[in-house]
>>> print(open('query.txt').read())   # compact mmCIF, C-alpha atoms
# COMPACT_ATOMS: atom_id res chain seq x y z
CA MET H 1 1.90 115.90 65.49
CA THR H 2 2.87 114.16 68.74
CA ASP H 3 5.90 114.66 70.95
CA SER H 4 7.05 111.12 70.29
CA GLY H 5 9.61 109.79 67.84
CA PRO H 6 13.36 110.20 67.43
CA ARG H 7 14.25 113.49 69.17
CA VAL H 8 17.51 112.75 71.00
CA ARG H 9 20.89 113.14 69.27
CA GLY H 10 23.41 110.33 69.63
CA VAL H 11 25.95 108.23 67.73
CA PRO H 12 24.61 104.67 67.40
CA GLU H 13 26.96 101.72 67.95
CA GLY H 14 29.04 101.03 64.82
CA ASP H 15 28.22 104.41 63.28
CA ASN H 16 30.35 107.56 63.00
CA ARG H 17 27.66 110.26 62.87
CA GLU H 18 25.03 111.66 65.16
CA ARG H 19 21.53 110.39 64.39
CA MET H 20 18.14 111.13 65.94
CA ILE H 21 17.12 108.44 68.43
CA CYS H 22 13.77 107.90 70.18
CA ALA H 23 14.19 108.13 73.98
CA GLU H 24 11.03 106.05 74.45
CA CYS H 25 11.61 103.12 72.13
CA GLY H 26 15.28 103.37 71.11
CA PHE H 27 14.56 103.55 67.36
CA VAL H 28 17.40 105.13 65.35
CA LEU H 29 16.30 107.35 62.48
CA TYR H 30 18.70 107.08 59.55
CA ASP H 31 17.41 110.19 57.86
CA ASN H 32 18.61 110.73 54.30
CA PRO H 33 18.39 113.46 51.70
CA LYS H 34 15.19 113.38 49.71
CA ILE H 35 14.61 113.09 46.00
CA VAL H 36 12.16 115.52 44.41
CA VAL H 37 10.85 114.64 40.96
CA GLY H 38 9.00 117.05 38.72
CA SER H 39 8.48 118.25 35.19
CA VAL H 40 8.36 121.22 32.92
CA ALA H 41 5.28 120.13 30.96
CA ARG H 42 4.51 121.91 27.71
CA TRP H 43 1.35 122.21 25.62
CA GLY H 44 2.48 123.84 22.39
CA ASP H 45 4.42 126.89 23.55
CA ARG H 46 2.71 127.11 26.93
CA ILE H 47 3.98 125.63 30.22
CA LEU H 48 1.96 124.11 33.06
CA LEU H 49 2.23 125.80 36.47
CA CYS H 50 0.28 125.12 39.67
CA ARG H 51 -0.60 127.64 42.38
CA ARG H 52 0.12 125.99 45.74
CA SER H 53 -2.75 125.43 48.19
CA ILE H 54 -0.36 124.25 50.90
CA ASN H 55 2.62 125.61 52.76
CA PRO H 56 5.43 126.29 52.27
CA ARG H 57 4.73 129.11 49.78
CA ARG H 58 0.93 128.79 49.66
CA GLY H 59 -0.47 130.96 46.85
CA PHE H 60 2.74 130.92 44.79
CA TRP H 61 3.28 129.19 41.46
CA THR H 62 5.30 126.03 41.05
CA LEU H 63 6.01 123.19 38.66
CA PRO H 64 4.23 119.91 39.36
CA ALA H 65 6.81 118.19 41.58
CA GLY H 66 7.12 116.33 44.86
CA TYR H 67 8.89 113.61 46.80
CA LEU H 68 9.68 110.36 45.07
CA GLU H 69 7.92 107.45 46.79
CA LEU H 70 9.40 104.06 47.69
CA ASN H 71 9.64 101.61 44.77
CA GLU H 72 8.78 104.30 42.26
CA SER H 73 10.92 105.16 39.25
CA THR H 74 11.79 108.83 38.91
CA THR H 75 9.80 109.14 35.66
CA ALA H 76 6.76 107.45 37.24
CA GLY H 77 7.09 109.88 40.16
CA ALA H 78 7.14 112.90 37.86
CA GLU H 79 4.05 111.58 36.03
CA ARG H 80 2.24 110.95 39.33
CA GLU H 81 2.96 114.45 40.61
CA ALA H 82 1.65 116.03 37.39
CA PHE H 83 -1.55 114.04 37.78
CA GLU H 84 -1.95 114.68 41.52
CA GLU H 85 -1.32 118.41 41.35
CA ALA H 86 -2.87 119.28 37.98
CA GLN H 87 -4.85 116.21 36.83
CA ALA H 88 -2.42 116.36 33.93
CA ARG H 89 -1.33 113.39 31.86
CA ILE H 90 2.21 113.94 30.61
CA GLN H 91 4.63 112.21 28.29
CA ILE H 92 8.21 112.50 29.47
CA GLU H 93 10.78 113.45 26.84
CA GLY H 94 14.01 113.39 28.83
CA LEU H 95 15.84 114.58 31.94
CA LEU H 96 16.20 118.36 31.89
CA ALA H 97 18.17 119.12 35.05
CA ILE H 98 19.50 117.91 38.38
CA TYR H 99 19.44 120.47 41.17
CA ASP H 100 21.63 119.61 44.12
CA ILE H 101 20.38 121.60 47.15
CA PRO H 102 22.38 120.38 50.19
CA ARG H 103 21.10 123.20 52.45
CA ILE H 104 17.71 121.50 52.53
CA SER H 105 19.03 117.96 51.79
CA GLN H 106 17.27 117.70 48.45
CA VAL H 107 18.24 116.43 45.04
CA GLN H 108 15.72 117.50 42.42
CA LEU H 109 15.34 115.65 39.12
CA ILE H 110 13.31 117.73 36.64
CA TYR H 111 12.08 116.18 33.39
CA ARG H 112 11.06 117.76 30.10
CA ALA H 113 7.54 116.62 29.20
CA ARG H 114 4.62 117.37 26.94
CA LEU H 115 1.00 117.30 27.99
CA VAL H 116 -0.98 114.49 26.35
CA ASP H 117 -4.03 116.75 26.26
CA GLU H 118 -4.89 120.31 27.24
CA ALA H 119 -7.30 119.28 30.02
CA VAL H 120 -5.74 120.24 33.35
CA ALA H 121 -7.47 120.95 36.67
CA ALA H 122 -6.39 121.75 40.22
CA GLY H 123 -5.68 118.74 42.43
CA PRO H 124 -5.89 118.89 46.25
CA GLU H 125 -2.49 120.61 46.61
CA SER H 126 -3.26 123.34 44.05
CA LEU H 127 -5.52 126.42 44.25
CA GLU H 128 -5.49 126.67 40.46
CA VAL H 129 -3.48 125.41 37.51
CA ARG H 130 -2.78 127.21 34.25
CA LEU H 131 -0.85 127.06 31.00
CA PHE H 132 1.43 130.07 30.59
CA GLY H 133 3.16 131.46 27.53
CA TRP H 134 6.75 132.57 28.30
CA ASP H 135 5.78 136.25 28.62
CA GLU H 136 2.82 135.46 30.87
CA ILE H 137 4.82 133.50 33.49
CA PRO H 138 4.29 135.11 36.94
CA TRP H 139 8.03 135.54 37.56
CA ASP H 140 7.50 137.53 40.77
CA ASP H 141 5.16 134.93 42.22
CA LEU H 142 7.14 131.72 41.72
CA ALA H 143 7.28 129.50 44.80
CA PHE H 144 10.95 128.42 44.73
CA PRO H 145 14.21 129.45 43.00
CA SER H 146 14.44 126.04 41.30
CA VAL H 147 11.15 126.74 39.47
CA ARG H 148 12.80 129.76 37.84
CA TRP H 149 15.97 127.75 37.09
CA ALA H 150 13.99 124.95 35.47
CA LEU H 151 11.90 127.30 33.31
CA HIS H 152 15.07 128.97 32.00
CA HIS H 153 16.88 125.65 31.52
CA GLU H 154 13.91 124.26 29.61
CA LYS H 155 13.92 127.30 27.36
CA GLU H 156 17.65 126.81 26.69
CA ALA H 157 17.15 123.08 26.07
CA LEU H 158 14.36 123.82 23.62
CA VAL H 159 16.62 126.12 21.63
CA THR H 160 19.28 123.40 21.53
CA LEU H 161 16.72 120.86 20.34
CA THR H 162 15.16 123.06 17.69
CA THR H 163 16.36 123.01 14.11
CA ARG H 164 18.14 126.26 13.35
CA CYS H 165 16.57 128.55 10.81
CA SER H 166 18.04 131.61 9.11
CA PRO H 167 18.05 134.82 11.15
CA PRO H 168 15.45 137.47 10.34
CA ASP H 169 17.93 139.52 8.28
CA PRO H 170 19.09 137.29 5.39
CA THR H 171 22.27 139.36 4.93
CA ASP H 172 23.47 137.76 8.22
CA GLY H 173 23.76 134.39 6.43
CA LEU H 174 26.95 132.56 5.59
CA GLY H 175 26.65 133.75 1.97
CA GLU H 176 27.29 137.34 2.97
CA MET R 1 19.08 95.90 66.61
CA THR R 2 16.11 96.18 68.95
CA ASP R 3 12.49 95.22 68.38
CA SER R 4 11.41 98.83 68.72
CA GLY R 5 10.68 101.44 66.08
CA PRO R 6 8.04 101.81 63.38
CA ARG R 7 6.79 98.27 62.61
CA VAL R 8 3.02 98.63 62.21
CA ARG R 9 1.47 99.53 58.84
CA GLY R 10 -1.15 102.29 58.77
CA VAL R 11 -2.32 105.35 56.84
CA PRO R 12 -1.62 108.45 58.94
CA GLU R 13 -4.25 111.20 59.16
CA GLY R 14 -4.10 113.48 56.09
CA ASP R 15 -2.01 111.00 54.10
CA ASN R 16 -3.03 108.64 51.30
CA ARG R 17 -0.43 105.88 51.66
CA GLU R 18 0.48 103.25 54.21
CA ARG R 19 3.49 104.17 56.33
CA MET R 20 5.31 102.33 59.09
CA ILE R 21 4.21 103.51 62.55
CA CYS R 22 5.69 102.74 65.99
CA ALA R 23 3.12 100.99 68.19
CA GLU R 24 5.01 102.16 71.30
CA CYS R 25 5.49 105.86 70.64
CA GLY R 26 3.27 106.64 67.62
CA PHE R 27 6.12 107.94 65.45
CA VAL R 28 5.34 107.82 61.71
CA LEU R 29 8.27 106.89 59.48
CA TYR R 30 8.11 108.74 56.16
CA ASP R 31 10.59 106.49 54.47
CA ASN R 32 11.87 107.71 51.11
CA PRO R 33 14.03 106.37 48.33
CA LYS R 34 17.73 106.80 48.95
CA ILE R 35 20.38 108.54 46.91
CA VAL R 36 23.62 106.67 46.29
CA VAL R 37 26.60 108.73 45.14
CA GLY R 38 29.77 107.26 43.71
CA SER R 39 32.49 107.61 41.14
CA VAL R 40 34.42 105.91 38.41
CA ALA R 41 37.83 107.26 39.40
CA ARG R 42 40.67 106.92 36.93
CA TRP R 43 44.46 107.07 37.30
CA GLY R 44 45.76 107.15 33.74
CA ASP R 45 44.01 104.25 32.05
CA ARG R 46 43.33 102.35 35.27
CA ILE R 47 40.15 102.46 37.36
CA LEU R 48 39.78 102.30 41.14
CA LEU R 49 37.77 99.38 42.55
CA CYS R 50 37.26 98.32 46.17
CA ARG R 51 36.69 94.77 47.46
CA ARG R 52 33.86 94.94 50.00
CA SER R 53 34.54 93.94 53.61
CA ILE R 54 30.85 94.21 54.50
CA ASN R 55 27.60 92.63 53.39
CA PRO R 56 25.80 92.67 51.04
CA ARG R 57 28.28 91.12 48.60
CA ARG R 58 31.27 90.87 50.93
CA GLY R 59 34.40 89.93 48.98
CA PHE R 60 33.13 91.33 45.67
CA TRP R 61 34.45 94.38 43.84
CA THR R 62 32.63 97.69 43.69
CA LEU R 63 33.08 101.35 42.86
CA PRO R 64 33.55 103.71 45.81
CA ALA R 65 29.92 104.68 46.48
CA GLY R 66 27.41 104.99 49.28
CA TYR R 67 24.45 106.85 50.70
CA LEU R 68 24.38 110.63 50.43
CA GLU R 69 24.27 112.21 53.90
CA LEU R 70 22.06 115.09 55.05
CA ASN R 71 23.25 118.56 53.99
CA GLU R 72 25.85 117.08 51.65
CA SER R 73 26.12 117.93 47.98
CA THR R 74 26.21 114.94 45.66
CA THR R 75 29.77 115.74 44.54
CA ALA R 76 30.95 116.10 48.16
CA GLY R 77 29.30 112.74 48.90
CA ALA R 78 31.11 111.05 46.02
CA GLU R 79 34.43 112.53 47.21
CA ARG R 80 33.76 111.40 50.80
CA GLU R 81 32.95 107.85 49.73
CA ALA R 82 36.16 107.61 47.68
CA PHE R 83 38.11 108.72 50.74
CA GLU R 84 36.27 106.49 53.22
CA GLU R 85 36.46 103.34 51.13
CA ALA R 86 39.84 103.76 49.42
CA GLN R 87 41.62 106.67 51.16
CA ALA R 88 41.49 108.16 47.67
CA ARG R 89 41.44 111.86 46.89
CA ILE R 90 39.50 112.44 43.67
CA GLN R 91 38.73 115.36 41.40
CA ILE R 92 35.26 115.15 39.90
CA GLU R 93 34.97 115.81 36.18
CA GLY R 94 31.23 115.50 35.58
CA LEU R 95 28.12 113.42 36.08
CA LEU R 96 28.45 110.11 34.21
CA ALA R 97 25.11 108.39 34.82
CA ILE R 98 21.88 108.25 36.78
CA TYR R 99 20.64 104.77 37.60
CA ASP R 100 17.00 104.61 38.63
CA ILE R 101 16.47 101.36 40.59
CA PRO R 102 12.89 101.45 41.95
CA ARG R 103 12.95 97.79 43.03
CA ILE R 104 15.30 98.74 45.86
CA SER R 105 14.17 102.42 46.08
CA GLN R 106 17.53 103.79 45.00
CA VAL R 107 18.62 106.54 42.66
CA GLN R 108 22.34 106.31 41.96
CA LEU R 109 24.36 109.31 40.75
CA ILE R 110 27.74 108.21 39.41
CA TYR R 111 30.44 110.77 38.64
CA ARG R 112 33.46 110.61 36.37
CA ALA R 113 36.59 111.48 38.35
CA ARG R 114 40.35 111.32 38.27
CA LEU R 115 42.55 110.37 41.21
CA VAL R 116 44.64 113.27 42.49
CA ASP R 117 47.44 110.83 43.30
CA GLU R 118 48.06 107.10 42.96
CA ALA R 119 48.11 106.45 46.73
CA VAL R 120 45.03 104.42 47.62
CA ALA R 121 44.49 102.12 50.61
CA ALA R 122 41.62 100.05 51.99
CA GLY R 123 39.28 101.91 54.34
CA PRO R 124 37.16 100.10 56.99
CA GLU R 125 34.55 98.94 54.44
CA SER R 126 37.12 97.48 52.02
CA LEU R 127 39.22 94.31 52.19
CA GLU R 128 41.54 95.71 49.52
CA VAL R 129 41.53 98.41 46.85
CA ARG R 130 43.23 98.29 43.48
CA LEU R 131 43.65 100.11 40.18
CA PHE R 132 42.59 97.94 37.24
CA GLY R 133 43.30 98.28 33.54
CA TRP R 134 40.18 97.51 31.43
CA ASP R 135 41.31 93.95 30.65
CA GLU R 136 42.14 93.24 34.30
CA ILE R 137 38.71 94.17 35.70
CA PRO R 138 37.30 91.19 37.65
CA TRP R 139 34.05 91.13 35.64
CA ASP R 140 32.84 87.89 37.26
CA ASP R 141 33.40 89.23 40.77
CA LEU R 142 31.66 92.60 40.59
CA ALA R 143 29.34 93.30 43.54
CA PHE R 144 26.37 94.86 41.74
CA PRO R 145 25.01 95.18 38.17
CA SER R 146 25.32 98.98 38.34
CA VAL R 147 29.12 98.62 38.80
CA ARG R 148 29.27 96.90 35.41
CA TRP R 149 26.93 99.49 33.85
CA ALA R 150 29.04 102.38 35.15
CA LEU R 151 32.33 100.87 33.95
CA HIS R 152 30.90 100.44 30.44
CA HIS R 153 29.27 103.87 30.43
CA GLU R 154 32.52 105.47 31.54
CA LYS R 155 34.33 103.71 28.71
CA GLU R 156 31.74 105.01 26.23
CA ALA R 157 31.95 108.54 27.70
CA LEU R 158 35.73 108.49 27.41
CA VAL R 159 35.49 107.63 23.71
CA THR R 160 33.05 110.52 23.21
CA LEU R 161 35.39 112.90 25.03
CA THR R 162 38.54 111.82 23.23
CA THR R 163 39.74 113.57 20.12
CA ARG R 164 39.28 111.28 17.15
CA CYS R 165 42.39 110.11 15.39
CA SER R 166 42.72 108.34 12.05
CA PRO R 167 41.97 104.60 12.05
CA PRO R 168 44.91 102.17 11.91
CA ASP R 169 44.49 101.59 8.15
CA PRO R 170 44.95 104.98 6.42
CA THR R 171 43.01 103.77 3.33
CA ASP R 172 39.88 103.99 5.54
CA GLY R 173 40.20 107.80 5.58
CA LEU R 174 37.90 110.28 3.87
CA GLY R 175 40.49 110.71 1.12
CA GLU R 176 39.95 107.17 -0.14
>>> encode(input="query.txt", output="structure tokens")
Amino acid sequence: MTDSGPRVRGVPEGDNRERMICAECGFVLYDNPKIVVGSVARWGDRILLCRRSINPRRGFWTLPAGYLELNESTTAGAEREAFEEAQARIQIEGLLAIYDIPRISQVQLIYRARLVDEAVAAGPESLEVRLFGWDEIPWDDLAFPSVRWALHHEKEALVTLTTRCSPPDPTDGLGE
Amino acid sequence: MTDSGPRVRGVPEGDNRERMICAECGFVLYDNPKIVVGSVARWGDRILLCRRSINPRRGFWTLPAGYLELNESTTAGAEREAFEEAQARIQIEGLLAIYDIPRISQVQLIYRARLVDEAVAAGPESLEVRLFGWDEIPWDDLAFPSVRWALHHEKEALVTLTTRCSPPDPTDGLGE
């Protein structure tokens, strides 16, 4: 990290907002909100989580997710992150959720996915990766609130997508 | 526009991709895809379009839309763009579509909205603004493909949201 780059606030000509400008070279940084792409990836009834090896929130569990790169589709980005963080190959099933987080200038797009095979392994940004059943999820050690949101939203989506079957007590049926 | 800023390609230390770096000051530009927010805003059965006063596509018709700003929610961004481009106050009804356009590193989030009142007027980025009935839309003079997509998707969504009524010929009914 150097001291250089856009560090001075100013309104560029023809603009109506303050931007960061480099005092050395005059470059104007048009900084924009960032897109995070990720997935809730399932193998049977277990879900892939990664324990972070980097800050923020080193040691806590997260979904495979990260910044979308230039010229990358959001689905390709979600697939890349699953591979980078957990060596996981996933098949995307659909968009699960959009989380709008203006405080940190992020829009998160989280996909529903299934693992193509069970073989997962920690990538450079993970200490370990694991498949968790719902009751095994380390709820107190999740890295970010949106991880918890996405796990719950995926569970809800799965219910919506699952064919209904009769409740355990057959006297609850319509024929009662 | 100066000649300064990040113009040299290189892989920064600890990274695995080429980024643009400033030869003068060493600043690394982590450029990311941009989020465009906009709306299909309706007044009765007419839709708000703006004729662009700026390039690209000066003189062509578009939806009120633009780049999301830092620390702005996507709905607030869509409302701001409607006001900036058409002096229009809108009430957002829901997310209509996500357009993933990796070729130009854009993710567009387009909302369904209704105008709070009929008073609209060209802002600095518009030559004129107008409310169009479906058959009046200048299909050959739309600025971008995603404008056409959004207009059609909004029409489809409206059908889905509208209570069904019997077809014109009553012999088509279930009672036939």
>>> interface_residues(input="query.txt", of="chain R", to="chain H", cutoff="7 Å", atoms="all atoms listed in the file", output="PyMOL selection string")
chain R and resi 4-5+24-27+32-34+68-74+100-105
>>> residues_around(input="query.txt", residues="region 124-139 of chain H", least_positions_apart="5", cutoff="12 Å", atoms="all atoms listed in the file", output="PyMOL selection string")
(chain H and resi 40-66+81-88+114-115+117-119+144-145+147-149+151-152+154-155) or (chain R and resi 14-16)
>>> atom_distance(input="query.txt", atom1="CA of Gln91 (chain R)", atom2="CA of Gln108 (chain R)")
18.7 Å
>>> calpha_fit_and_write(input="query.txt", fixed="chain R", moving="chain H", output="short mmCIF file (atom, residue, chain, number, x, y, z; two decimals) with C-alpha atoms, keeping the file's coordinate frame")
data_model
loop_
_atom_site.label_atom_id
_atom_site.label_comp_id
_atom_site.auth_asym_id
_atom_site.auth_seq_id
_atom_site.Cartn_x
_atom_site.Cartn_y
_atom_site.Cartn_z
CA MET H 1 19.04 95.79 66.55
CA THR H 2 16.06 96.10 68.90
CA ASP H 3 12.43 95.18 68.36
CA SER H 4 11.38 98.79 68.73
CA GLY H 5 10.65 101.42 66.10
CA PRO H 6 8.02 101.80 63.40
CA ARG H 7 6.78 98.26 62.63
CA VAL H 8 3.01 98.64 62.22
CA ARG H 9 1.46 99.55 58.85
CA GLY H 10 -1.16 102.29 58.78
CA VAL H 11 -2.33 105.36 56.86
CA PRO H 12 -1.63 108.47 58.96
CA GLU H 13 -4.25 111.23 59.18
CA GLY H 14 -4.10 113.49 56.11
CA ASP H 15 -2.02 111.01 54.12
CA ASN H 16 -3.03 108.65 51.31
CA ARG H 17 -0.44 105.88 51.68
CA GLU H 18 0.46 103.26 54.22
CA ARG H 19 3.47 104.18 56.34
CA MET H 20 5.31 102.34 59.12
CA ILE H 21 4.20 103.52 62.56
CA CYS H 22 5.69 102.74 65.99
CA ALA H 23 3.11 100.98 68.20
CA GLU H 24 4.99 102.15 71.31
CA CYS H 25 5.48 105.84 70.64
CA GLY H 26 3.26 106.62 67.64
CA PHE H 27 6.10 107.94 65.46
CA VAL H 28 5.33 107.83 61.72
CA LEU H 29 8.26 106.90 59.50
CA TYR H 30 8.10 108.76 56.19
CA ASP H 31 10.60 106.51 54.50
CA ASN H 32 11.89 107.73 51.14
CA PRO H 33 14.04 106.37 48.36
CA LYS H 34 17.74 106.80 48.97
CA ILE H 35 20.38 108.55 46.94
CA VAL H 36 23.63 106.68 46.30
CA VAL H 37 26.60 108.74 45.14
CA GLY H 38 29.76 107.26 43.71
CA SER H 39 32.48 107.61 41.13
CA VAL H 40 34.39 105.91 38.40
CA ALA H 41 37.82 107.25 39.39
CA ARG H 42 40.65 106.93 36.90
CA TRP H 43 44.43 107.07 37.27
CA GLY H 44 45.74 107.16 33.71
CA ASP H 45 43.99 104.25 32.03
CA ARG H 46 43.33 102.35 35.24
CA ILE H 47 40.13 102.46 37.33
CA LEU H 48 39.77 102.30 41.11
CA LEU H 49 37.76 99.38 42.53
CA CYS H 50 37.26 98.32 46.16
CA ARG H 51 36.70 94.78 47.44
CA ARG H 52 33.86 94.93 49.98
CA SER H 53 34.55 93.95 53.60
CA ILE H 54 30.87 94.21 54.50
CA ASN H 55 27.62 92.66 53.38
CA PRO H 56 25.82 92.70 51.07
CA ARG H 57 28.30 91.14 48.61
CA ARG H 58 31.30 90.89 50.95
CA GLY H 59 34.42 89.94 48.97
CA PHE H 60 33.14 91.35 45.66
CA TRP H 61 34.45 94.39 43.83
CA THR H 62 32.63 97.69 43.68
CA LEU H 63 33.08 101.35 42.85
CA PRO H 64 33.55 103.70 45.79
CA ALA H 65 29.93 104.69 46.47
CA GLY H 66 27.43 105.00 49.29
CA TYR H 67 24.46 106.87 50.70
CA LEU H 68 24.39 110.62 50.44
CA GLU H 69 24.29 112.21 53.90
CA LEU H 70 22.07 115.08 55.06
CA ASN H 71 23.26 118.54 53.99
CA GLU H 72 25.86 117.08 51.67
CA SER H 73 26.12 117.93 47.98
CA THR H 74 26.21 114.93 45.66
CA THR H 75 29.77 115.74 44.53
CA ALA H 76 30.94 116.10 48.15
CA GLY H 77 29.30 112.74 48.89
CA ALA H 78 31.11 111.04 46.02
CA GLU H 79 34.43 112.52 47.20
CA ARG H 80 33.76 111.40 50.79
CA GLU H 81 32.96 107.84 49.73
CA ALA H 82 36.17 107.61 47.67
CA PHE H 83 38.14 108.72 50.71
CA GLU H 84 36.30 106.50 53.20
CA GLU H 85 36.48 103.34 51.12
CA ALA H 86 39.85 103.76 49.40
CA GLN H 87 41.63 106.69 51.13
CA ALA H 88 41.49 108.16 47.64
CA ARG H 89 41.43 111.86 46.85
CA ILE H 90 39.49 112.44 43.64
CA GLN H 91 38.73 115.35 41.36
CA ILE H 92 35.26 115.14 39.88
CA GLU H 93 34.97 115.80 36.15
CA GLY H 94 31.23 115.50 35.58
CA LEU H 95 28.11 113.40 36.07
CA LEU H 96 28.43 110.11 34.21
CA ALA H 97 25.10 108.38 34.83
CA ILE H 98 21.87 108.25 36.79
CA TYR H 99 20.63 104.77 37.62
CA ASP H 100 17.01 104.61 38.66
CA ILE H 101 16.47 101.36 40.61
CA PRO H 102 12.88 101.45 41.98
CA ARG H 103 12.96 97.78 43.08
CA ILE H 104 15.30 98.74 45.90
CA SER H 105 14.17 102.42 46.11
CA GLN H 106 17.52 103.80 45.03
CA VAL H 107 18.62 106.54 42.68
CA GLN H 108 22.34 106.31 41.97
CA LEU H 109 24.34 109.31 40.76
CA ILE H 110 27.74 108.20 39.42
CA TYR H 111 30.43 110.78 38.63
CA ARG H 112 33.45 110.61 36.35
CA ALA H 113 36.57 111.47 38.34
CA ARG H 114 40.34 111.32 38.25
CA LEU H 115 42.53 110.38 41.17
CA VAL H 116 44.64 113.28 42.45
CA ASP H 117 47.43 110.84 43.26
CA GLU H 118 48.06 107.11 42.93
CA ALA H 119 48.12 106.48 46.69
CA VAL H 120 45.04 104.44 47.59
CA ALA H 121 44.50 102.13 50.57
CA ALA H 122 41.64 100.07 51.98
CA GLY H 123 39.30 101.92 54.33
CA PRO H 124 37.18 100.12 56.97
CA GLU H 125 34.56 98.96 54.43
CA SER H 126 37.13 97.50 52.01
CA LEU H 127 39.25 94.32 52.19
CA GLU H 128 41.54 95.72 49.50
CA VAL H 129 41.55 98.41 46.84
CA ARG H 130 43.24 98.30 43.45
CA LEU H 131 43.66 100.11 40.16
CA PHE H 132 42.58 97.95 37.22
CA GLY H 133 43.28 98.28 33.52
CA TRP H 134 40.17 97.52 31.41
CA ASP H 135 41.30 93.95 30.64
CA GLU H 136 42.15 93.24 34.28
CA ILE H 137 38.70 94.18 35.68
CA PRO H 138 37.29 91.19 37.64
CA TRP H 139 34.05 91.12 35.63
CA ASP H 140 32.84 87.90 37.27
CA ASP H 141 33.40 89.24 40.76
CA LEU H 142 31.66 92.62 40.60
CA ALA H 143 29.35 93.30 43.54
CA PHE H 144 26.36 94.86 41.75
CA PRO H 145 25.00 95.18 38.18
CA SER H 146 25.32 98.98 38.35
CA VAL H 147 29.11 98.63 38.79
CA ARG H 148 29.26 96.88 35.41
CA TRP H 149 26.92 99.48 33.85
CA ALA H 150 29.02 102.37 35.14
CA LEU H 151 32.31 100.87 33.94
CA HIS H 152 30.87 100.43 30.44
CA HIS H 153 29.24 103.87 30.44
CA GLU H 154 32.50 105.47 31.53
CA LYS H 155 34.31 103.72 28.71
CA GLU H 156 31.72 105.01 26.22
CA ALA H 157 31.91 108.52 27.69
CA LEU H 158 35.69 108.48 27.40
CA VAL H 159 35.46 107.62 23.72
CA THR H 160 33.02 110.50 23.21
CA LEU H 161 35.36 112.88 25.03
CA THR H 162 38.51 111.81 23.24
CA THR H 163 39.72 113.56 20.12
CA ARG H 164 39.28 111.26 17.15
CA CYS H 165 42.39 110.06 15.40
CA SER H 166 42.73 108.28 12.06
CA PRO H 167 41.98 104.55 12.07
CA PRO H 168 44.91 102.14 11.96
CA ASP H 169 44.52 101.57 8.20
CA PRO H 170 45.01 104.96 6.50
CA THR H 171 43.11 103.80 3.39
CA ASP H 172 39.95 104.01 5.57
CA GLY H 173 40.28 107.82 5.63
CA LEU H 174 38.01 110.30 3.92
CA GLY H 175 40.60 110.74 1.15
CA GLU H 176 40.05 107.21 -0.09
#
>>> closest_residue(input="query.txt", among="R:Ile92, R:Gly10, R:Ala78, R:Ala143", to="Val36 (chain R)", atoms="all atoms listed in the file")
R:Ala78
>>> atom_distance(input="query.txt", atom1="CA of Ala122 (chain R)", atom2="CA of Asp140 (chain R)")
21.0 Å
>>> closest_residue(input="query.txt", among="H:Glu156, H:Val116, H:Tyr111, H:Gly123", to="Ser39 (chain H)", atoms="all atoms listed in the file")
H:Tyr111
>>> atom_distance(input="query.txt", atom1="CA of Leu96 (chain H)", atom2="CA of Leu161 (chain H)")
11.8 Å
>>> decode(input="query.txt", residues="region 53-60 of chain H", atoms="N, CA, C and O atoms", output="CSV table (one decimal), in the first residue's frame")
chain,number,residue,atom,x,y,z
H,53,SER,N,-9.9,-17.6,5.5
H,53,SER,CA,-8.5,-17.5,5.9
H,53,SER,C,-8.0,-16.0,5.8
H,53,SER,O,-6.8,-15.7,6.1
H,54,ILE,N,-8.9,-15.1,5.4
H,54,ILE,CA,-8.5,-13.7,5.3
H,54,ILE,C,-9.4,-12.8,6.0
H,54,ILE,O,-10.6,-13.2,6.3
H,55,ASN,N,-9.0,-11.6,6.3
H,55,ASN,CA,-9.8,-10.6,6.9
H,55,ASN,C,-10.6,-9.9,5.8
H,55,ASN,O,-10.2,-9.9,4.7
H,56,PRO,N,-11.8,-9.3,6.1
H,56,PRO,CA,-12.4,-9.3,7.4
H,56,PRO,C,-13.0,-10.7,7.8
H,56,PRO,O,-13.3,-11.5,6.9
H,57,ARG,N,-13.1,-10.9,9.1
H,57,ARG,CA,-13.8,-12.0,9.6
H,57,ARG,C,-13.1,-13.3,9.4
H,57,ARG,O,-13.7,-14.4,9.1
H,58,ARG,N,-11.7,-13.3,9.5
H,58,ARG,CA,-10.9,-14.5,9.4
H,58,ARG,C,-11.4,-15.5,10.5
H,58,ARG,O,-11.7,-15.1,11.6
H,59,GLY,N,-11.5,-16.8,10.1
H,59,GLY,CA,-11.9,-17.8,11.0
H,59,GLY,C,-13.4,-18.1,11.1
H,59,GLY,O,-13.8,-19.1,11.7
H,60,PHE,N,-14.2,-17.2,10.4
H,60,PHE,CA,-15.6,-17.4,10.5
H,60,PHE,C,-16.1,-18.0,9.1
H,60,PHE,O,-15.4,-18.0,8.1
